[in-house]
$ cat input_12.cif   # mmCIF, C-alpha atoms and all ligand atoms
data_my_file
#
loop_
_atom_site.label_atom_id
_atom_site.label_comp_id
_atom_site.auth_asym_id
_atom_site.auth_seq_id
_atom_site.Cartn_x
_atom_site.Cartn_y
_atom_site.Cartn_z
CA MET A 1 -26.12 0.74 -5.12
CA MET A 2 -22.35 0.48 -5.07
CA LYS A 3 -21.01 -2.80 -6.36
CA ILE A 4 -17.63 -4.50 -6.21
CA LYS A 5 -16.18 -7.01 -8.61
CA TYR A 6 -12.84 -8.55 -7.68
CA LEU A 7 -10.09 -8.93 -10.25
CA LYS A 8 -7.29 -11.48 -10.17
CA THR A 9 -3.92 -10.53 -8.67
CA ASP A 10 -0.59 -12.29 -8.49
CA SER A 11 0.00 -11.88 -4.75
CA PRO A 12 -2.02 -12.08 -1.51
CA LEU A 13 -0.69 -8.61 -0.66
CA ARG A 14 -2.41 -7.16 -3.74
CA LEU A 15 -6.10 -6.44 -4.11
CA LYS A 16 -7.81 -5.28 -7.28
CA PHE A 17 -11.47 -4.57 -7.72
CA ILE A 18 -13.93 -2.67 -9.87
CA LEU A 19 -16.11 -0.28 -7.92
CA SER A 20 -19.27 0.71 -9.78
CA ASN A 21 -22.19 3.12 -9.16
CA SER A 22 -19.86 5.32 -7.19
CA TYR A 23 -18.27 8.70 -7.71
CA PHE A 24 -14.82 10.19 -7.91
CA GLU A 25 -14.96 12.04 -4.56
CA PHE A 26 -15.70 8.83 -2.70
CA ALA A 27 -13.01 6.87 -4.53
CA ASN A 28 -10.41 9.51 -3.77
CA SER A 29 -11.42 9.87 -0.11
CA LEU A 30 -11.09 6.12 0.32
CA ARG A 31 -7.69 6.09 -1.37
CA ARG A 32 -6.40 8.89 0.83
CA ALA A 33 -7.83 7.36 4.00
CA MET A 34 -6.08 4.07 3.29
CA ILE A 35 -2.72 5.71 2.70
CA ALA A 36 -2.77 8.28 5.48
CA GLU A 37 -5.31 7.38 8.17
CA VAL A 38 -4.87 3.68 8.91
CA PRO A 39 -2.71 3.02 11.98
CA VAL A 40 0.27 0.70 11.57
CA MET A 41 3.24 -0.27 13.72
CA ALA A 42 6.70 1.07 12.94
CA ILE A 43 9.90 1.58 14.87
CA GLU A 44 9.98 5.08 16.33
CA GLU A 45 12.91 4.97 18.77
CA VAL A 46 16.24 3.23 18.32
CA ASN A 47 18.80 2.98 21.10
CA ILE A 48 22.13 1.97 19.63
CA SER A 49 24.57 0.56 22.19
CA ALA A 50 27.14 -0.64 19.66
CA ASN A 51 27.82 0.34 16.07
CA ASN A 52 31.20 0.27 14.39
CA SER A 53 29.71 -0.43 10.95
CA ALA A 54 30.12 1.75 7.88
CA LEU A 55 26.81 3.54 8.46
CA TYR A 56 26.03 6.35 10.88
CA ASP A 57 23.60 5.70 13.72
CA GLU A 58 20.99 8.02 12.16
CA VAL A 59 21.03 6.16 8.86
CA ILE A 60 20.65 2.81 10.58
CA ALA A 61 17.79 4.13 12.72
CA LEU A 62 15.98 5.39 9.61
CA ARG A 63 16.39 2.03 7.90
CA PHE A 64 14.93 0.16 10.86
CA GLY A 65 12.05 2.63 10.95
CA LEU A 66 11.13 1.80 7.37
CA ILE A 67 10.78 -1.97 7.94
CA PRO A 68 7.06 -2.82 7.75
CA LEU A 69 5.86 -4.56 10.92
CA LYS A 70 2.80 -6.78 11.14
CA THR A 71 0.21 -4.82 13.06
CA ASP A 72 -2.16 -6.03 15.72
CA LEU A 73 -4.69 -3.27 16.32
CA LYS A 74 -6.75 -5.19 18.89
CA ASN A 75 -4.08 -5.17 21.56
CA TYR A 76 -2.41 -1.80 21.14
CA ASN A 77 -3.35 1.83 21.76
CA LEU A 78 -1.92 4.86 20.10
CA ARG A 79 0.91 6.00 22.36
CA SER A 80 -0.42 9.56 22.39
CA LYS A 81 -3.83 8.32 23.59
CA CYS A 82 -2.55 5.69 26.04
CA LYS A 83 -3.03 6.41 29.75
CA CYS A 84 0.66 5.81 30.46
CA ARG A 85 1.79 8.77 28.29
CA LYS A 86 5.40 7.55 28.26
CA GLY A 87 5.16 4.10 26.64
CA CYS A 88 3.97 0.84 28.18
CA PRO A 89 3.31 -2.72 26.92
CA LYS A 90 -0.16 -1.59 25.79
CA CYS A 91 1.18 0.97 23.35
CA THR A 92 4.75 -0.04 22.48
CA VAL A 93 6.65 -3.14 21.36
CA LYS A 94 10.32 -3.73 22.05
CA LEU A 95 12.55 -5.19 19.33
CA THR A 96 16.19 -6.09 19.72
CA LEU A 97 19.04 -6.97 17.40
CA ASP A 98 22.58 -8.05 18.10
CA LYS A 99 24.79 -9.10 15.17
CA THR A 100 28.48 -9.40 14.49
CA GLY A 101 30.03 -9.62 11.02
CA PRO A 102 30.86 -10.86 8.55
CA CYS A 103 27.18 -11.02 7.58
CA THR A 104 24.27 -9.13 6.14
CA VAL A 105 21.75 -7.96 8.69
CA TYR A 106 18.19 -8.65 7.55
CA SER A 107 14.84 -7.46 8.85
CA SER A 108 14.23 -10.98 10.15
CA ASP A 109 17.15 -10.56 12.59
CA LEU A 110 14.95 -8.26 14.68
CA LYS A 111 13.64 -10.14 17.72
CA SER A 112 10.29 -8.86 18.90
CA SER A 113 8.77 -9.01 22.38
CA ASP A 114 5.39 -9.78 20.74
CA HIS A 115 5.14 -12.62 18.22
CA LYS A 116 2.25 -10.80 16.52
CA VAL A 117 4.33 -7.69 15.83
CA VAL A 118 7.23 -8.90 13.68
CA PRO A 119 8.78 -7.77 10.39
CA ALA A 120 6.23 -8.36 7.61
CA ILE A 121 8.98 -9.02 5.08
CA ASN A 122 11.88 -11.18 6.25
CA ASP A 123 14.54 -10.67 3.62
CA LEU A 124 14.97 -6.89 3.64
CA PRO A 125 18.70 -6.16 3.91
CA VAL A 126 19.47 -3.41 6.42
CA ILE A 127 23.25 -3.30 6.51
CA LYS A 128 26.29 -5.36 5.59
CA LEU A 129 28.82 -6.02 8.34
CA PHE A 130 32.46 -6.91 7.71
CA GLU A 131 34.69 -8.88 10.04
CA ASN A 132 34.84 -7.46 13.58
CA GLN A 133 32.01 -5.03 12.86
CA SER A 134 28.99 -5.33 15.06
CA ILE A 135 25.73 -3.65 15.78
CA LYS A 136 23.52 -3.87 18.85
CA ILE A 137 20.24 -2.05 19.11
CA GLU A 138 17.07 -1.88 21.13
CA ALA A 139 14.11 -0.41 19.27
CA ILE A 140 10.65 0.71 20.30
CA ALA A 141 7.80 0.41 17.82
CA GLU A 142 4.47 2.18 18.15
CA LEU A 143 1.34 2.87 16.14
CA GLY A 144 1.28 5.85 13.83
CA PHE A 145 -0.29 7.22 10.65
CA GLY A 146 0.97 7.68 7.12
CA LYS A 147 0.09 11.38 7.31
CA GLU A 148 2.80 11.76 9.99
CA HIS A 149 5.62 9.81 8.35
CA ALA A 150 6.03 7.53 5.33
CA LYS A 151 7.15 4.66 7.59
CA TRP A 152 3.57 4.40 8.89
CA THR A 153 2.09 4.11 5.39
CA PRO A 154 0.42 0.74 5.01
CA CYS A 155 0.07 0.52 1.25
CA ALA A 156 0.11 2.01 -2.19
CA ALA A 157 -3.46 2.63 -3.34
CA THR A 158 -4.51 3.88 -6.75
CA TYR A 159 -7.63 3.93 -8.88
CA ARG A 160 -8.44 4.79 -12.46
CA TYR A 161 -11.62 5.39 -14.40
CA TYR A 162 -13.18 2.33 -15.93
CA PRO A 163 -12.80 2.47 -19.72
CA GLN A 164 -15.70 2.91 -22.13
CA ILE A 165 -14.86 2.03 -25.72
CA ASN A 166 -17.18 2.47 -28.67
CA VAL A 167 -16.05 0.98 -31.97
CA LEU A 168 -17.63 3.09 -34.72
CA LYS A 169 -15.50 1.95 -37.65
CA ASN A 170 -13.31 -1.11 -38.03
CA CYS A 171 -9.65 -0.29 -37.67
CA LEU A 172 -7.09 -3.08 -37.77
CA LYS A 173 -4.30 -0.90 -36.38
CA ALA A 174 -5.94 -0.73 -32.95
CA VAL A 175 -5.05 -4.38 -32.34
CA SER A 176 -1.31 -3.90 -32.80
CA VAL A 177 -0.83 -0.47 -31.19
CA CYS A 178 -2.70 -1.23 -27.98
CA PRO A 179 -0.02 -2.01 -25.36
CA LYS A 180 -2.59 -3.77 -23.17
CA LYS A 181 -3.95 -6.07 -25.91
CA VAL A 182 -7.53 -4.89 -25.43
CA PHE A 183 -8.68 -5.59 -29.01
CA GLU A 184 -8.92 -8.51 -31.38
CA PHE A 185 -9.88 -8.77 -35.03
CA LYS A 186 -12.41 -11.50 -35.76
CA ASN A 187 -14.54 -12.07 -38.85
CA ARG A 188 -13.29 -8.75 -40.24
CA LYS A 189 -14.57 -6.94 -37.20
CA LEU A 190 -12.74 -5.07 -34.48
CA LEU A 191 -13.84 -6.53 -31.14
CA ILE A 192 -13.02 -5.74 -27.54
CA LYS A 193 -11.37 -8.75 -25.94
CA ASP A 194 -10.28 -7.43 -22.54
CA LEU A 195 -11.90 -4.15 -21.50
CA ASP A 196 -10.61 -4.31 -17.89
CA ALA A 197 -7.03 -4.09 -19.18
CA CYS A 198 -7.52 -0.72 -20.94
CA ASP A 199 -5.77 2.12 -19.12
CA LEU A 200 -7.09 4.89 -21.39
CA CYS A 201 -3.72 5.60 -23.03
CA LEU A 202 -5.60 6.45 -26.27
CA ALA A 203 -2.89 4.91 -28.49
CA CYS A 204 -5.70 3.26 -30.50
CA VAL A 205 -7.52 6.56 -31.04
CA GLU A 206 -4.32 8.21 -32.28
CA ALA A 207 -3.45 5.35 -34.65
CA CYS A 208 -6.90 5.01 -36.21
CA PRO A 209 -8.77 7.39 -38.51
CA LYS A 210 -10.77 10.15 -36.91
CA ASP A 211 -14.07 9.01 -35.39
CA ALA A 212 -13.24 5.31 -35.74
CA LEU A 213 -13.04 4.79 -31.98
CA ARG A 214 -14.47 6.64 -29.05
CA VAL A 215 -12.59 5.99 -25.79
CA LYS A 216 -13.27 7.66 -22.47
CA GLY A 217 -13.41 6.98 -18.75
CA ASP A 218 -16.63 6.19 -16.91
CA ASP A 219 -16.79 8.62 -14.00
CA SER A 220 -19.01 6.34 -11.91
CA LYS A 221 -16.85 3.24 -12.17
CA PHE A 222 -13.27 2.74 -10.96
CA ILE A 223 -10.59 0.11 -11.01
CA PHE A 224 -8.93 0.10 -7.60
CA SER A 225 -5.50 -1.33 -7.06
CA ILE A 226 -4.08 -1.76 -3.56
CA GLU A 227 -0.71 -3.16 -2.62
CA SER A 228 -0.17 -3.69 1.09
CA TRP A 229 3.34 -3.44 2.55
CA GLY A 230 2.42 -6.33 4.84
CA GLN A 231 1.26 -4.65 8.07
CA HIS A 232 -2.40 -5.45 7.31
CA ASN A 233 -3.93 -7.72 4.69
CA PRO A 234 -5.34 -5.63 1.82
CA LYS A 235 -9.02 -6.35 2.51
CA ALA A 236 -8.60 -5.33 6.15
CA LEU A 237 -6.91 -2.19 4.89
CA VAL A 238 -9.95 -1.16 2.87
CA LYS A 239 -12.18 -1.72 5.91
CA LEU A 240 -9.84 0.29 8.14
CA GLY A 241 -9.81 3.09 5.58
CA LEU A 242 -13.60 3.13 5.58
CA GLN A 243 -13.63 3.17 9.39
CA ALA A 244 -11.34 6.19 9.36
CA LEU A 245 -13.67 7.98 6.95
CA LYS A 246 -16.71 7.10 9.04
CA ALA A 247 -15.02 8.41 12.18
CA LYS A 248 -14.53 11.76 10.46
CA VAL A 249 -18.17 11.90 9.36
CA ASP A 250 -19.32 11.02 12.91
CA GLU A 251 -17.06 13.70 14.36
CA PHE A 252 -18.48 16.27 11.99
CA SER A 253 -22.04 15.19 12.72
CA LYS A 254 -21.37 15.52 16.46
CA ALA A 255 -19.94 19.00 16.00
CA LEU A 256 -23.13 20.04 14.21
ZN ZN B 1 0.97 3.02 27.09
#
$ encode --input "input_12.cif" --output "structure tokens" --more "lines below"
Ligand SMILES: [Zn+2]
Amino acid sequence: MMKIKYLKTDSPLRLKFILSNSYFEFANSLRRAMIAEVPVMAIEEVNISANNSALYDEVIALRFGLIPLKTDLKNYNLRSKCKCRKGCPKCTVKLTLDKTGPCTVYSSDLKSSDHKVVPAINDLPVIKLFENQSIKIEAIAELGFGKEHAKWTPCAATYRYYPQINVLKNCLKAVSVCPKKVFEFKNRKLLIKDLDACDLCLACVEACPKDALRVKGDDSKFIFSIESWGQHNPKALVKLGLQALKAKVDEFSKAL
């Protein structure tokens, strides 16, 4: 049976866990589903009614598009699947911004028509305005997928094989060359202090005599690392990735 063991992280937007009794194809499908198949909100249209700043309209529009927006999947449809077809309050969110310099315009300056769909990170600088420069926009956000455009990507997700280390001969050098401080030397013996930290760089194998250490990855056990950009919390992201995978399997099953 598949098992999960959580590892500590330094931020609520990060999730790290060890997945065991699994296999590489599953781990990779999950990773790809999370990156490309989980719907998130992002600005898709920008109407600029005033802009005498140093940046072109297109550049500003792109920058607003890349601001991660908190996503509420319960209350919104994909615009392409909504009955309205042209954008309505069930599939789009309106955001506005009106600023005059001198100032820096931040993501938090965007005012949203829905308090649940707001910039996930408040202090992202978008543009600097000098005196008498101003910018006024009206933007429309909608749900989309990472496979369509990077702005709809909800996270960075990676995994690596869980390390397996066999100490066959004592080798003091392993302690100092390991960049992750995996080893310790106690009672004249080389011991493994922190196996989870090993990223299979093999620096210890290279530094020690031949056959002193055997290091390889376990192909049924993975260390997953997910960093959300703030649209969804990371645990919800994993569940949404799994849902996306399941939907594909169901579709295939139906086609059969
Ligand atoms: Zn609609």
$ residues_near_ligand --input "input_12.cif" --ligand "ligand ZN 1 (chain B)" --cutoff "9 Å" --atoms "only C-alpha atoms and all ligand atoms" --output "list in words"
Tyr76, Asn77, Leu78, Arg79, Ser80, Lys81, Cys82, Lys83, Cys84, Arg85, Lys86, Gly87, Cys88, Pro89, Lys90, Cys91 and Thr92 of chain A
$ residues_near_point --input "input_12.cif" --point "(-13.9, -0.8, -11.9)" --cutoff "6 Å" --atoms "all atoms listed in the file" --output "PyMOL selection string"
chain A and resi 18-20+162+221-223
$ closest_residue --input "input_12.cif" --among "A:Lys169, A:His232, A:Lys147, A:Arg160" --to "Leu190 of chain A" --atoms "all atoms listed in the file"
A:Lys169
$ closest_residue --input "input_12.cif" --among "A:Val238, A:Leu172, A:Leu143, A:Ile43" --to "Leu110 of chain A" --atoms "only C-alpha atoms"
A:Ile43
$ atom_distance --input "input_12.cif" --atom1 "atom CA of Arg31 of chain A" --atom2 "atom CA of Ile226 of chain A"
8.9 Å
$ residues_around --input "input_12.cif" --residues "segment 54-64 of chain A" --least-positions-apart "3" --cutoff "8 Å" --atoms "only C-alpha atoms" --output "number ranges by chain"
A: 43, 45-46, 48, 51, 67, 107, 126-127, 129
$ write_last_selection --input "input_12.cif" --atoms "C-alpha atoms" --output "CSV table (one decimal), in the coordinates of the input"
chain,number,residue,atom,x,y,z
A,43,ILE,CA,9.9,1.6,14.9
A,45,GLU,CA,12.9,5.0,18.8
A,46,VAL,CA,16.2,3.2,18.3
A,48,ILE,CA,22.1,2.0,19.6
A,51,ASN,CA,27.8,0.3,16.1
A,67,ILE,CA,10.8,-2.0,7.9
A,107,SER,CA,14.8,-7.5,8.8
A,126,VAL,CA,19.5,-3.4,6.4
A,127,ILE,CA,23.2,-3.3,6.5
A,129,LEU,CA,28.8,-6.0,8.3
$ atom_distance --input "input_12.cif" --atom1 "atom CA of Ser228 of chain A" --atom2 "atom CA of Asn122 of chain A"
15.1 Å
$ closest_residue --input "input_12.cif" --among "A:Ala27, A:Met34, A:Lys16, A:Arg214" --to "Thr153 of chain A" --atoms "only C-alpha atoms"
A:Met34
$ atom_distance --input "input_12.cif" --atom1 "atom CA of Ile140 of chain A" --atom2 "atom CA of Ala33 of chain A"
25.5 Å
$ residues_around --input "input_12.cif" --residues "Leu191 of chain A" --least-positions-apart "5" --cutoff "12 Å" --atoms "only C-alpha atoms" --output "compact mmCIF listing (two decimals) with C-alpha atoms, in the frame of the given file"
# COMPACT_ATOMS: atom_id res chain seq x y z
CA ILE A 165 -14.86 2.03 -25.72
CA ASN A 166 -17.18 2.47 -28.67
CA VAL A 167 -16.05 0.98 -31.97
CA LEU A 168 -17.63 3.09 -34.72
CA LYS A 169 -15.50 1.95 -37.65
CA ASN A 170 -13.31 -1.11 -38.03
CA CYS A 171 -9.65 -0.29 -37.67
CA LEU A 172 -7.09 -3.08 -37.77
CA ALA A 174 -5.94 -0.73 -32.95
CA VAL A 175 -5.05 -4.38 -32.34
CA LYS A 181 -3.95 -6.07 -25.91
CA VAL A 182 -7.53 -4.89 -25.43
CA PHE A 183 -8.68 -5.59 -29.01
CA GLU A 184 -8.92 -8.51 -31.38
CA PHE A 185 -9.88 -8.77 -35.03
CA LYS A 186 -12.41 -11.50 -35.76
CA LEU A 213 -13.04 4.79 -31.98
$ closest_residue --input "input_12.cif" --among "A:Lys210, A:Leu7, A:Thr96, A:Glu37" --to "Gln243 of chain A" --atoms "all atoms listed in the file"
A:Glu37
$ closest_residue --input "input_12.cif" --among "A:Gly146, A:Asn47, A:Lys254, A:Asn52" --to "Leu97 of chain A" --atoms "all atoms listed in the file"
A:Asn47
$ closest_residue --input "input_12.cif" --among "A:Tyr161, A:Trp229, A:Phe24, A:Phe17" --to "Pro119 of chain A" --atoms "all atoms listed in the file"
A:Trp229
$ residues_around --input "input_12.cif" --residues "Val38 of chain A" --least-positions-apart "3" --cutoff "7 Å" --atoms "all atoms listed in the file" --output "ChimeraX atom specification"
/A:33-35,145,240-241,244
$ decode --input "input_12.cif" --residues "segment 45-85 of chain A" --atoms "N, CA and C atoms" --output "mmCIF file, in the first residue's frame"
data_model
loop_
_atom_site.group_PDB
_atom_site.id
_atom_site.type_symbol
_atom_site.label_atom_id
_atom_site.label_comp_id
_atom_site.auth_asym_id
_atom_site.auth_seq_id
_atom_site.Cartn_x
_atom_site.Cartn_y
_atom_site.Cartn_z
ATOM 1 N N GLU A 45 -7.604 39.159 -19.726
ATOM 2 C CA GLU A 45 -7.838 40.345 -20.568
ATOM 3 C C GLU A 45 -7.501 41.586 -19.762
ATOM 4 N N VAL A 46 -6.845 42.542 -20.399
ATOM 5 C CA VAL A 46 -6.564 43.805 -19.713
ATOM 6 C C VAL A 46 -6.979 44.958 -20.631
ATOM 7 N N ASN A 47 -7.904 45.771 -20.153
ATOM 8 C CA ASN A 47 -8.282 46.968 -20.896
ATOM 9 C C ASN A 47 -7.596 48.153 -20.242
ATOM 10 N N ILE A 48 -6.728 48.798 -21.010
ATOM 11 C CA ILE A 48 -5.945 49.894 -20.447
ATOM 12 C C ILE A 48 -6.521 51.212 -20.946
ATOM 13 N N SER A 49 -7.098 52.003 -20.024
ATOM 14 C CA SER A 49 -7.701 53.271 -20.461
ATOM 15 C C SER A 49 -6.728 54.434 -20.290
ATOM 16 N N ALA A 50 -5.707 54.257 -19.456
ATOM 17 C CA ALA A 50 -4.677 55.297 -19.349
ATOM 18 C C ALA A 50 -3.343 54.642 -19.045
ATOM 19 N N ASN A 51 -2.316 55.068 -19.768
ATOM 20 C CA ASN A 51 -0.963 54.583 -19.485
ATOM 21 C C ASN A 51 0.054 55.505 -20.126
ATOM 22 N N ASN A 52 0.639 56.380 -19.327
ATOM 23 C CA ASN A 52 1.747 57.178 -19.859
ATOM 24 C C ASN A 52 3.034 56.841 -19.090
ATOM 25 N N SER A 53 3.109 55.589 -18.634
ATOM 26 C CA SER A 53 4.287 55.124 -17.900
ATOM 27 C C SER A 53 5.390 54.756 -18.887
ATOM 28 N N ALA A 54 6.500 54.259 -18.357
ATOM 29 C CA ALA A 54 7.637 53.914 -19.204
ATOM 30 C C ALA A 54 7.435 52.591 -19.942
ATOM 31 N N LEU A 55 6.436 51.820 -19.536
ATOM 32 C CA LEU A 55 6.251 50.493 -20.150
ATOM 33 C C LEU A 55 5.096 50.485 -21.156
ATOM 34 N N TYR A 56 5.286 49.683 -22.201
ATOM 35 C CA TYR A 56 4.220 49.513 -23.197
ATOM 36 C C TYR A 56 3.036 48.783 -22.585
ATOM 37 N N ASP A 57 1.867 48.998 -23.178
ATOM 38 C CA ASP A 57 0.646 48.333 -22.707
ATOM 39 C C ASP A 57 0.814 46.811 -22.640
ATOM 40 N N GLU A 58 1.438 46.241 -23.687
ATOM 41 C CA GLU A 58 1.567 44.775 -23.759
ATOM 42 C C GLU A 58 2.378 44.231 -22.593
ATOM 43 N N VAL A 59 3.442 44.973 -22.244
ATOM 44 C CA VAL A 59 4.323 44.520 -21.162
ATOM 45 C C VAL A 59 3.575 44.562 -19.832
ATOM 46 N N ILE A 60 2.814 45.646 -19.655
ATOM 47 C CA ILE A 60 2.040 45.775 -18.417
ATOM 48 C C ILE A 60 0.992 44.669 -18.330
ATOM 49 N N ALA A 61 0.323 44.394 -19.445
ATOM 50 C CA ALA A 61 -0.707 43.349 -19.455
ATOM 51 C C ALA A 61 -0.097 42.000 -19.081
ATOM 52 N N LEU A 62 1.080 41.706 -19.625
ATOM 53 C CA LEU A 62 1.746 40.438 -19.320
ATOM 54 C C LEU A 62 2.065 40.348 -17.826
ATOM 55 N N ARG A 63 2.547 41.459 -17.288
ATOM 56 C CA ARG A 63 2.904 41.459 -15.858
ATOM 57 C C ARG A 63 1.688 41.209 -14.975
ATOM 58 N N PHE A 64 0.558 41.842 -15.326
ATOM 59 C CA PHE A 64 -0.644 41.586 -14.528
ATOM 60 C C PHE A 64 -1.096 40.141 -14.672
ATOM 61 N N GLY A 65 -0.913 39.595 -15.865
ATOM 62 C CA GLY A 65 -1.307 38.194 -16.091
ATOM 63 C C GLY A 65 -0.553 37.235 -15.193
ATOM 64 N N LEU A 66 0.692 37.574 -14.882
ATOM 65 C CA LEU A 66 1.538 36.653 -14.119
ATOM 66 C C LEU A 66 1.349 36.752 -12.597
ATOM 67 N N ILE A 67 0.494 37.660 -12.139
ATOM 68 C CA ILE A 67 0.264 37.760 -10.686
ATOM 69 C C ILE A 67 -0.631 36.597 -10.237
ATOM 70 N N PRO A 68 -0.154 35.757 -9.309
ATOM 71 C CA PRO A 68 -0.999 34.643 -8.866
ATOM 72 C C PRO A 68 -2.232 35.155 -8.107
ATOM 73 N N LEU A 69 -3.386 34.615 -8.456
ATOM 74 C CA LEU A 69 -4.628 35.022 -7.788
ATOM 75 C C LEU A 69 -5.183 33.846 -6.997
ATOM 76 N N LYS A 70 -5.633 34.130 -5.776
ATOM 77 C CA LYS A 70 -6.265 33.068 -4.978
ATOM 78 C C LYS A 70 -7.459 32.537 -5.753
ATOM 79 N N THR A 71 -7.608 31.225 -5.746
ATOM 80 C CA THR A 71 -8.597 30.614 -6.628
ATOM 81 C C THR A 71 -9.690 29.912 -5.834
ATOM 82 N N ASP A 72 -10.928 30.215 -6.224
ATOM 83 C CA ASP A 72 -12.083 29.619 -5.585
ATOM 84 C C ASP A 72 -12.784 28.754 -6.639
ATOM 85 N N LEU A 73 -12.530 27.448 -6.575
ATOM 86 C CA LEU A 73 -13.052 26.581 -7.642
ATOM 87 C C LEU A 73 -14.534 26.267 -7.478
ATOM 88 N N LYS A 74 -15.041 26.451 -6.241
ATOM 89 C CA LYS A 74 -16.456 26.082 -6.003
ATOM 90 C C LYS A 74 -17.403 26.991 -6.775
ATOM 91 N N ASN A 75 -17.033 28.256 -6.895
ATOM 92 C CA ASN A 75 -17.993 29.220 -7.443
ATOM 93 C C ASN A 75 -17.733 29.645 -8.885
ATOM 94 N N TYR A 76 -16.745 29.049 -9.520
ATOM 95 C CA TYR A 76 -16.461 29.479 -10.896
ATOM 96 C C TYR A 76 -16.371 28.310 -11.875
ATOM 97 N N ASN A 77 -16.875 28.559 -13.076
ATOM 98 C CA ASN A 77 -16.754 27.584 -14.171
ATOM 99 C C ASN A 77 -15.607 28.007 -15.073
ATOM 100 N N LEU A 78 -15.131 27.039 -15.836
ATOM 101 C CA LEU A 78 -14.217 27.394 -16.922
ATOM 102 C C LEU A 78 -15.005 28.236 -17.916
ATOM 103 N N ARG A 79 -14.397 29.310 -18.409
ATOM 104 C CA ARG A 79 -15.138 30.190 -19.324
ATOM 105 C C ARG A 79 -15.568 29.437 -20.592
ATOM 106 N N SER A 80 -14.708 28.542 -21.049
ATOM 107 C CA SER A 80 -15.025 27.806 -22.282
ATOM 108 C C SER A 80 -16.168 26.820 -22.079
ATOM 109 N N LYS A 81 -16.434 26.445 -20.813
ATOM 110 C CA LYS A 81 -17.516 25.484 -20.557
ATOM 111 C C LYS A 81 -18.728 26.147 -19.920
ATOM 112 N N CYS A 82 -18.677 27.477 -19.724
ATOM 113 C CA CYS A 82 -19.785 28.197 -19.106
ATOM 114 C C CYS A 82 -20.877 28.409 -20.164
ATOM 115 N N LYS A 83 -22.136 28.410 -19.692
ATOM 116 C CA LYS A 83 -23.251 28.551 -20.643
ATOM 117 C C LYS A 83 -23.211 29.896 -21.369
ATOM 118 N N CYS A 84 -22.690 30.923 -20.684
ATOM 119 C CA CYS A 84 -22.726 32.272 -21.244
ATOM 120 C C CYS A 84 -21.881 32.409 -22.513
ATOM 121 N N ARG A 85 -20.763 31.682 -22.553
ATOM 122 C CA ARG A 85 -19.843 31.702 -23.703
ATOM 123 C C ARG A 85 -19.017 32.978 -23.822
#
